[in-house]
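Okay, structure05.csv is below, CSV, C-alpha atoms:
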chain,number,residue,atom,x,y,z
A,1,MET,CA,-1.8,-17.0,2.2
A,2,TRP,CA,0.4,-14.0,1.7
A,3,TYR,CA,4.0,-13.5,0.6
A,4,TYR,CA,6.1,-10.6,1.8
A,5,GLU,CA,8.3,-8.9,-0.7
A,6,LYS,CA,11.4,-7.0,0.4
A,7,LYS,CA,10.5,-3.9,-1.6
A,8,LEU,CA,8.3,-0.8,-1.2
A,9,GLN,CA,5.6,-0.3,-3.7
A,10,TYR,CA,6.9,3.1,-4.5
A,11,PRO,CA,10.2,4.8,-3.2
A,12,VAL,CA,10.0,6.7,0.0
A,13,LYS,CA,12.5,9.5,0.5
A,14,VAL,CA,12.5,12.3,3.0
A,15,SER,CA,14.5,15.6,2.8
A,16,GLU,CA,15.2,15.8,6.6
A,17,CYS,CA,14.3,14.7,10.1
A,18,ASN,CA,10.8,16.2,10.6
A,19,PRO,CA,8.8,14.8,13.6
A,20,ARG,CA,6.0,17.4,13.2
A,21,LEU,CA,5.2,15.9,9.7
A,22,ALA,CA,5.4,12.4,11.2
A,23,LYS,CA,2.8,13.4,13.8
A,24,TYR,CA,0.3,14.3,11.0
A,25,LEU,CA,1.2,11.4,8.8
A,26,ILE,CA,0.4,8.8,11.5
A,27,GLU,CA,-3.2,9.7,10.8
A,28,GLN,CA,-2.9,7.5,7.7
A,29,TYR,CA,-1.2,4.7,9.8
A,30,GLY,CA,-3.7,4.2,12.6
A,31,GLY,CA,-6.5,6.7,11.8
A,32,ALA,CA,-10.1,6.1,10.9
A,33,ASP,CA,-9.5,6.4,7.2
A,34,GLY,CA,-5.9,5.2,7.2
A,35,GLU,CA,-4.2,2.3,5.5
A,36,LEU,CA,-4.7,-0.2,8.3
A,37,SER,CA,-8.4,0.4,8.4
A,38,ALA,CA,-8.5,0.1,4.6
A,39,ALA,CA,-6.6,-3.2,4.5
A,40,LEU,CA,-8.6,-4.8,7.3
A,41,ARG,CA,-11.9,-3.6,6.0
A,42,TYR,CA,-11.6,-5.0,2.5
A,43,LEU,CA,-9.9,-8.3,3.5
A,44,ASN,CA,-12.7,-8.9,6.0
A,45,GLN,CA,-15.6,-7.9,3.7
A,46,ARG,CA,-14.4,-10.3,0.9
A,47,TYR,CA,-15.6,-13.5,2.7
A,48,SER,CA,-19.3,-12.5,2.3
A,49,ILE,CA,-19.2,-10.4,-0.9
A,50,PRO,CA,-20.5,-11.9,-4.2
A,51,ASP,CA,-17.9,-14.0,-6.1
A,52,LYS,CA,-17.6,-11.4,-8.9
A,53,VAL,CA,-15.9,-8.8,-6.7
A,54,ILE,CA,-13.9,-11.1,-4.3
A,55,GLY,CA,-10.8,-10.7,-6.5
A,56,LEU,CA,-11.0,-6.9,-6.4
A,57,LEU,CA,-11.3,-6.7,-2.6
A,58,THR,CA,-8.5,-9.2,-2.2
A,59,ASP,CA,-6.2,-7.2,-4.5
A,60,ILE,CA,-7.0,-3.7,-3.2
A,61,GLY,CA,-6.8,-5.0,0.4
A,62,THR,CA,-3.4,-6.4,-0.3
A,63,GLU,CA,-2.2,-3.2,-1.9
A,64,GLU,CA,-3.3,-1.3,1.2
A,65,PHE,CA,-0.7,-3.3,3.2
A,66,ALA,CA,1.9,-2.0,0.8
A,67,HIS,CA,0.7,1.5,1.5
A,68,LEU,CA,0.7,0.9,5.2
A,69,GLU,CA,4.4,-0.1,4.9
A,70,MET,CA,5.1,3.1,2.9
A,71,ILE,CA,3.6,5.2,5.6
A,72,ALA,CA,5.6,3.3,8.2
A,73,ALA,CA,8.8,4.0,6.2
A,74,MET,CA,7.9,7.7,6.1
A,75,VAL,CA,7.3,8.0,9.8
A,76,TYR,CA,10.4,5.9,10.5
A,77,LYS,CA,12.6,8.1,8.3
A,78,LEU,CA,11.1,11.4,9.6
A,79,THR,CA,11.7,10.5,13.3
A,80,LYS,CA,14.6,8.1,13.6
A,81,ASP,CA,17.2,10.8,14.3
A,82,ALA,CA,14.9,13.0,16.4
A,83,THR,CA,16.0,13.7,20.0
A,84,PRO,CA,13.4,13.5,22.8
A,85,GLU,CA,13.5,17.3,22.9
A,86,GLN,CA,12.7,17.5,19.2
A,87,LEU,CA,9.9,15.0,19.6
A,88,LYS,CA,8.5,17.1,22.5
A,89,GLU,CA,8.6,20.3,20.4
A,90,ALA,CA,6.7,18.5,17.6
A,91,GLY,CA,3.9,17.5,19.9
A,92,LEU,CA,5.1,13.9,20.1
A,93,GLY,CA,6.1,14.0,23.8
A,94,ALA,CA,3.2,11.8,24.8
A,95,HIS,CA,4.0,9.4,22.1
A,96,TYR,CA,7.7,9.3,23.2
A,97,ALA,CA,6.6,8.7,26.8
A,98,ASN,CA,4.7,5.6,25.8
A,99,HIS,CA,6.5,4.3,22.7
A,100,ASP,CA,10.0,5.8,22.4
A,101,HIS,CA,10.7,5.8,18.7
A,102,ALA,CA,8.4,2.9,18.0
A,103,LEU,CA,5.5,3.2,15.6
A,104,PHE,CA,2.0,2.7,17.0
A,105,TYR,CA,-1.5,2.4,15.4
A,106,HIS,CA,-3.0,5.7,16.5
A,107,ASP,CA,-4.3,8.8,14.7
A,108,ALA,CA,-2.7,12.3,14.6
A,109,ALA,CA,-4.4,13.2,17.8
A,110,GLY,CA,-3.2,10.0,19.6
A,111,ASN,CA,-6.4,8.0,19.6
A,112,PRO,CA,-5.7,4.3,19.3
A,113,TRP,CA,-6.9,2.4,16.3
A,114,THR,CA,-10.3,0.7,16.9
A,115,ALA,CA,-12.3,-1.8,14.9
A,116,THR,CA,-15.3,0.6,15.1
A,117,TYR,CA,-13.6,2.5,12.3
A,118,ILE,CA,-14.6,-0.2,9.8
A,119,GLN,CA,-17.8,-2.1,9.0
A,120,ALA,CA,-18.9,-5.3,7.3
A,121,LYS,CA,-22.6,-5.2,6.8
A,122,GLY,CA,-23.0,-8.4,4.7
A,123,ASP,CA,-24.9,-6.3,2.2
A,124,PRO,CA,-22.7,-5.9,-0.9
A,125,ILE,CA,-24.0,-2.5,-1.9
A,126,ALA,CA,-23.7,-1.1,1.6
A,127,ASP,CA,-20.2,-2.5,1.9
A,128,LEU,CA,-19.0,-1.2,-1.4
A,129,TYR,CA,-20.4,2.2,-0.8
A,130,GLU,CA,-18.5,2.3,2.5
A,131,ASP,CA,-15.4,1.4,0.6
A,132,ILE,CA,-15.9,4.2,-2.0
A,133,ALA,CA,-16.4,6.7,0.9
A,134,ALA,CA,-13.3,5.4,2.7
A,135,GLU,CA,-11.2,5.9,-0.4
A,136,GLU,CA,-12.5,9.4,-0.9
A,137,LYS,CA,-11.9,10.2,2.8
A,138,ALA,CA,-8.3,8.9,2.6
A,139,ARG,CA,-7.7,10.9,-0.6
A,140,ALA,CA,-8.9,14.1,1.2
A,141,THR,CA,-6.6,13.3,4.2
A,142,TYR,CA,-3.6,12.9,1.9
A,143,GLN,CA,-4.4,16.3,0.4
A,144,TRP,CA,-4.6,18.0,3.8
A,145,ILE,CA,-1.3,16.5,4.8
A,146,ILE,CA,0.3,17.5,1.5
A,147,ASN,CA,-1.1,21.1,2.1
A,148,MET,CA,0.9,21.2,5.4
A,149,SER,CA,4.1,19.6,4.2
A,150,ASP,CA,7.0,21.5,2.8
A,151,ASP,CA,9.1,18.3,2.0
A,152,PRO,CA,9.2,17.8,-1.8
A,153,CYS,CA,10.6,14.3,-1.5
A,154,LEU,CA,7.9,13.2,0.9
A,155,ASN,CA,5.2,15.0,-1.2
A,156,ASP,CA,6.2,12.9,-4.2
A,157,SER,CA,5.3,9.7,-2.3
A,158,LEU,CA,2.2,11.2,-0.8
A,159,LYS,CA,0.9,12.2,-4.2
A,160,PHE,CA,1.4,8.6,-5.4
A,161,LEU,CA,-0.7,7.4,-2.5
A,162,ARG,CA,-3.3,10.1,-3.1
A,163,GLU,CA,-3.7,8.9,-6.7
A,164,ARG,CA,-4.1,5.3,-5.6
A,165,GLU,CA,-7.1,6.3,-3.5
A,166,ILE,CA,-8.7,7.7,-6.7
A,167,VAL,CA,-8.0,4.5,-8.7
A,168,HIS,CA,-9.4,2.3,-5.9
A,169,SER,CA,-12.5,4.5,-5.6
A,170,GLN,CA,-13.1,4.1,-9.4
A,171,ARG,CA,-12.6,0.3,-9.3
A,172,PHE,CA,-15.1,0.0,-6.4
A,173,ARG,CA,-17.6,2.1,-8.4
A,174,GLU,CA,-17.2,-0.3,-11.3
A,175,ALA,CA,-17.7,-3.2,-8.8
A,176,VAL,CA,-21.1,-1.7,-7.8
A,177,GLU,CA,-22.1,-1.5,-11.5
A,178,ILE,CA,-21.0,-5.2,-12.0
A,179,LEU,CA,-23.2,-6.2,-9.1
A,180,LYS,CA,-26.2,-4.2,-10.3
A,181,GLN,CA,-26.0,-5.8,-13.7
A,182,GLU,CA,-25.9,-9.3,-12.0
A,183,GLN,CA,-28.9,-8.4,-10.0
A,184,ASN,CA,-30.9,-7.2,-13.0
A,185,ARG,CA,-30.0,-10.4,-15.0
A,186,LYS,CA,-31.4,-12.6,-12.2
A,187,HIS,CA,-34.8,-10.9,-12.4
A,188,ILE,CA,-35.3,-12.0,-16.1
A,189,PHE,CA,-36.9,-15.4,-16.3
B,1,MET,CA,24.1,-1.2,5.5
B,2,LYS,CA,23.5,1.5,2.8
B,3,PRO,CA,22.3,0.1,-0.5
B,4,SER,CA,24.5,0.9,-3.6
B,5,ARG,CA,23.4,3.2,-6.3
B,6,GLU,CA,23.1,0.2,-8.6
B,7,GLN,CA,20.8,-1.6,-6.2
B,8,LEU,CA,18.5,1.4,-5.9
B,9,GLN,CA,18.4,1.8,-9.7
B,10,LEU,CA,17.5,-1.9,-10.3
B,11,MET,CA,14.9,-1.7,-7.4
B,12,GLU,CA,13.3,1.3,-9.1
B,13,GLN,CA,13.1,-0.6,-12.4
B,14,ILE,CA,11.3,-3.4,-10.6
B,15,GLN,CA,9.0,-0.9,-8.8
B,16,GLN,CA,8.0,0.6,-12.2
B,17,VAL,CA,7.2,-2.7,-13.8
B,18,ASP,CA,5.4,-4.0,-10.7
B,19,PHE,CA,3.3,-0.9,-10.4
B,20,ALA,CA,2.0,-1.4,-13.9
B,21,LEU,CA,1.2,-5.0,-12.9
B,22,VAL,CA,-0.7,-3.8,-9.8
B,23,GLU,CA,-2.6,-1.3,-11.9
B,24,LEU,CA,-3.4,-3.9,-14.6
B,25,THR,CA,-4.5,-6.5,-12.0
B,26,LEU,CA,-7.1,-4.1,-10.5
B,27,TYR,CA,-8.2,-3.0,-14.0
B,28,LEU,CA,-8.7,-6.6,-15.1
B,29,ASP,CA,-10.6,-7.5,-11.9
B,30,THR,CA,-13.4,-5.3,-13.3
B,31,HIS,CA,-12.6,-5.7,-17.1
B,32,PRO,CA,-11.9,-9.4,-17.4
B,33,GLN,CA,-12.6,-9.4,-21.2
B,34,ASP,CA,-9.9,-6.9,-22.3
B,35,TYR,CA,-7.6,-9.0,-24.5
B,36,ASN,CA,-5.0,-6.3,-25.0
B,37,ALA,CA,-4.7,-5.6,-21.3
B,38,ILE,CA,-4.1,-9.3,-20.6
B,39,GLN,CA,-1.4,-9.4,-23.3
B,40,GLN,CA,0.3,-6.4,-21.7
B,41,PHE,CA,-0.1,-8.0,-18.2
B,42,ASN,CA,1.6,-11.3,-19.4
B,43,GLN,CA,4.4,-9.4,-21.1
B,44,LEU,CA,5.1,-7.3,-17.9
B,45,ALA,CA,4.8,-10.4,-15.7
B,46,ALA,CA,7.6,-12.0,-17.7
B,47,GLN,CA,9.7,-8.7,-17.5
B,48,SER,CA,9.2,-8.5,-13.7
B,49,LYS,CA,10.4,-12.1,-13.2
B,50,GLN,CA,13.5,-11.5,-15.3
B,51,LEU,CA,14.3,-8.2,-13.4
B,52,LYS,CA,13.8,-9.9,-10.0
B,53,SER,CA,16.0,-12.8,-10.9
B,54,GLN,CA,18.7,-10.4,-11.9
B,55,TYR,CA,18.2,-8.4,-8.6
B,56,GLU,CA,18.3,-11.5,-6.4
B,57,GLN,CA,21.5,-12.8,-7.9
B,58,GLN,CA,23.2,-9.5,-7.0
B,59,PHE,CA,21.4,-8.3,-3.9
B,60,GLY,CA,19.7,-11.3,-2.2
B,61,PRO,CA,16.2,-12.7,-2.1
B,62,LEU,CA,13.1,-10.5,-2.5
B,63,ARG,CA,10.6,-13.1,-1.2
B,64,GLN,CA,10.7,-16.1,1.1
B,65,PHE,CA,8.7,-19.2,2.0
B,66,GLY,CA,10.4,-20.7,-1.1
B,67,GLU,CA,9.4,-18.0,-3.5
B,68,SER,CA,13.1,-17.1,-3.9
B,69,PHE,CA,16.1,-19.4,-3.9
B,70,SER,CA,18.7,-19.0,-1.2
B,71,SER,CA,22.5,-18.7,-1.4
B,72,PHE,CA,24.7,-19.9,1.5
B,73,PRO,CA,24.6,-18.7,4.2
B,74,TRP,CA,20.9,-17.8,4.6
B,75,SER,CA,20.7,-14.1,3.6
B,76,TRP,CA,17.0,-13.4,3.8
B,77,ASN,CA,17.3,-11.6,7.1
B,78,GLU,CA,20.1,-9.3,6.0
B,79,SER,CA,19.7,-5.5,5.9
B,80,PRO,CA,18.7,-3.3,4.3
B,81,TRP,CA,14.9,-3.8,4.7
B,82,PRO,CA,12.7,-1.7,2.5
B,83,TRP,CA,12.3,1.2,5.0
B,84,GLN,CA,16.1,1.3,5.6
B,85,MET,CA,16.8,1.8,1.9
Turn the structure described in the file into structure tokens.
Amino acid sequence: MWYYEKKLQYPVKVSECNPRLAKYLIEQYGGADGELSAALRYLNQRYSIPDKVIGLLTDIGTEEFAHLEMIAAMVYKLTKDATPEQLKEAGLGAHYANHDHALFYHDAAGNPWTATYIQAKGDPIADLYEDIAAEEKARATYQWIINMSDDPCLNDSLKFLREREIVHSQRFREAVEILKQEQNRKHIF
Amino acid sequence: MKPSREQLQLMEQIQQVDFALVELTLYLDTHPQDYNAIQQFNQLAAQSKQLKSQYEQQFGPLRQFGESFSSFPWSWNESPWPWQM
């Protein structure tokens, strides 16, 4: 089971109300390579992955939920004081019409989250290579958002998340090596 | 309700220690034989527990389902929640 902790993994501060930035950031909330996809992908793959890497998938999957909460905190803080007019100007008029100030799992262009973003192939190497690719895509997305953001407080938290993608990618690469070693060992009789 | 400066500072200390614990957990998942890392992990786990008990005495429970003790009245659902801090 899981325990909720009343704490963000890393502090989230924003300089000012900025719905335009929130519109881009929502990509990491309900987008293809976002944190929801990551958490659900790893926590689902772990049931059929070899025992040696179940712990890693469980722990990274759990950390992704902490990242999802950080993105939610960012979007919440960037939009909570925005008027409908400001939301409209920021390109969030369609979002406001459907959700008011609520968050929703969709990408920056408004496409709703779908399970087709993630895969579980049952083949450990295929699954782990997908996970490595997902981390690299998420890292790139954070970079593109940082490139468009002029909020130094927000960028501090985004840089933390960008670095986490790199660490996760490295750990998944090590997991591939661990499985390859296992496989080689089994061939020796 | 706005959190006090003191609450934010103690929270940040917890975030620092707990981040090291997350990082060590993932590292140990792929390097289970690293004795020094496990020693560091256990030291930080003790430090985290101590900081959280100090935080909870002043600012209320961090976890529920019995992972934190409760004062009277039940204060788990009191603000601020993490995104409000």
Would you list the contacts of range 28-30 of chain B as a list in words, taking every protein, DNA or RNA residue within 8 Å and counting only C-alpha atoms, but skipping same-chain residues closer than 6 positions in sequence? Val53, Gly55, Leu56, Arg171, Glu174, Ala175 and Ile178 of chain A; Ala37 and Ile38 of chain B
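For the set A:Arg20, A:Lys77, A:Lys13, A:Lys121, the residue with the smallest atom-to-atom gap to Arg41 in chain A is A:Lys121, counting all atoms listed in the file.
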Using only C-alpha atoms, tabulate the residues of range 59-163 of chain A lying at most 8 Å from any atom of range 42-51 of chain A, each with its closest atom pair and that distance in Å to one decimal, by chain and increasing residue number, as CSV.
residue,atom,partner,partner_atom,distance
A:Ile60,CA,A:Tyr42,CA,7.4
A:Gly61,CA,A:Tyr42,CA,5.2
A:Thr62,CA,A:Leu43,CA,7.8
A:Ala120,CA,A:Gln45,CA,5.5
A:Gly122,CA,A:Ser48,CA,6.0
A:Asp123,CA,A:Ile49,CA,7.7
A:Pro124,CA,A:Ile49,CA,5.7
A:Asp127,CA,A:Gln45,CA,7.3
A:Asp131,CA,A:Tyr42,CA,7.7
Could you please tell me, as a PyMOL selection string, which residues of chain A have an atom within 6 Å of chain B when using only C-alpha atoms? chain A and resi 4-8+56+73
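With CA of Gln39 in chain B on one side and CA of Tyr3 in chain A on the other, the separation reads 24.8 Å.
Distance-wise, CA of Ser157 in chain A and CA of Arg139 in chain A end up 13.2 Å apart.
The spacing separating CA of Leu103 in chain A from CA of Ala138 in chain A amounts to 19.8 Å.
Compared by their closest atoms to Val17 in chain B, and using only C-alpha atoms, the residues B:Phe41, B:Ser4, B:Ser48, B:Pro32 rank with B:Ser48 nearest.
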Skip Asp150 in chain A itself and residues of its chain fewer than 6 positions away, then list as a VMD selection string all residues within 12 Å of it, counting all atoms listed in the file. chain A and resid 14 to 16 18 20 to 21 156 158
Pick out the residues sitting within 8 Å of Pro19 in chain A, and hand them over as number ranges by chain; count all atoms listed in the file, and ignore anything fewer than 6 positions along from it in its own chain. A: 75, 78-79, 82, 86-87, 90, 92
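By chain and then residue number, the residues within 12 Å of range 93-98 of chain A are Pro19, Arg20, Ala22, Lys23, Ile26, Thr79, Lys80, Ala82, Thr83, Pro84, Glu85, Gln86, Leu87, Lys88, Glu89, Ala90, His101, Ala102, Leu103, Phe104, Tyr105, His106, Asp107, Ala108, Ala109, Gly110, Asn111 and Pro112 of chain A, counting only C-alpha atoms and disregarding those fewer than 3 positions away in sequence.
Here the question is which of A:His67, A:His99, A:Arg185, A:Arg173 gets nearest to Ile132 in chain A using all atoms listed in the file, and that residue is A:Arg173.
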Report as JSON the centre and the edge lengths, in Å to one decimal, of the axis-aligned box holding every listed atom of range 142-152 of chain A, padded by 6 Å on each side.
{"center_x": 2.3, "center_y": 17.2, "center_z": 1.8, "size_x": 25.8, "size_y": 20.6, "size_z": 19.2}
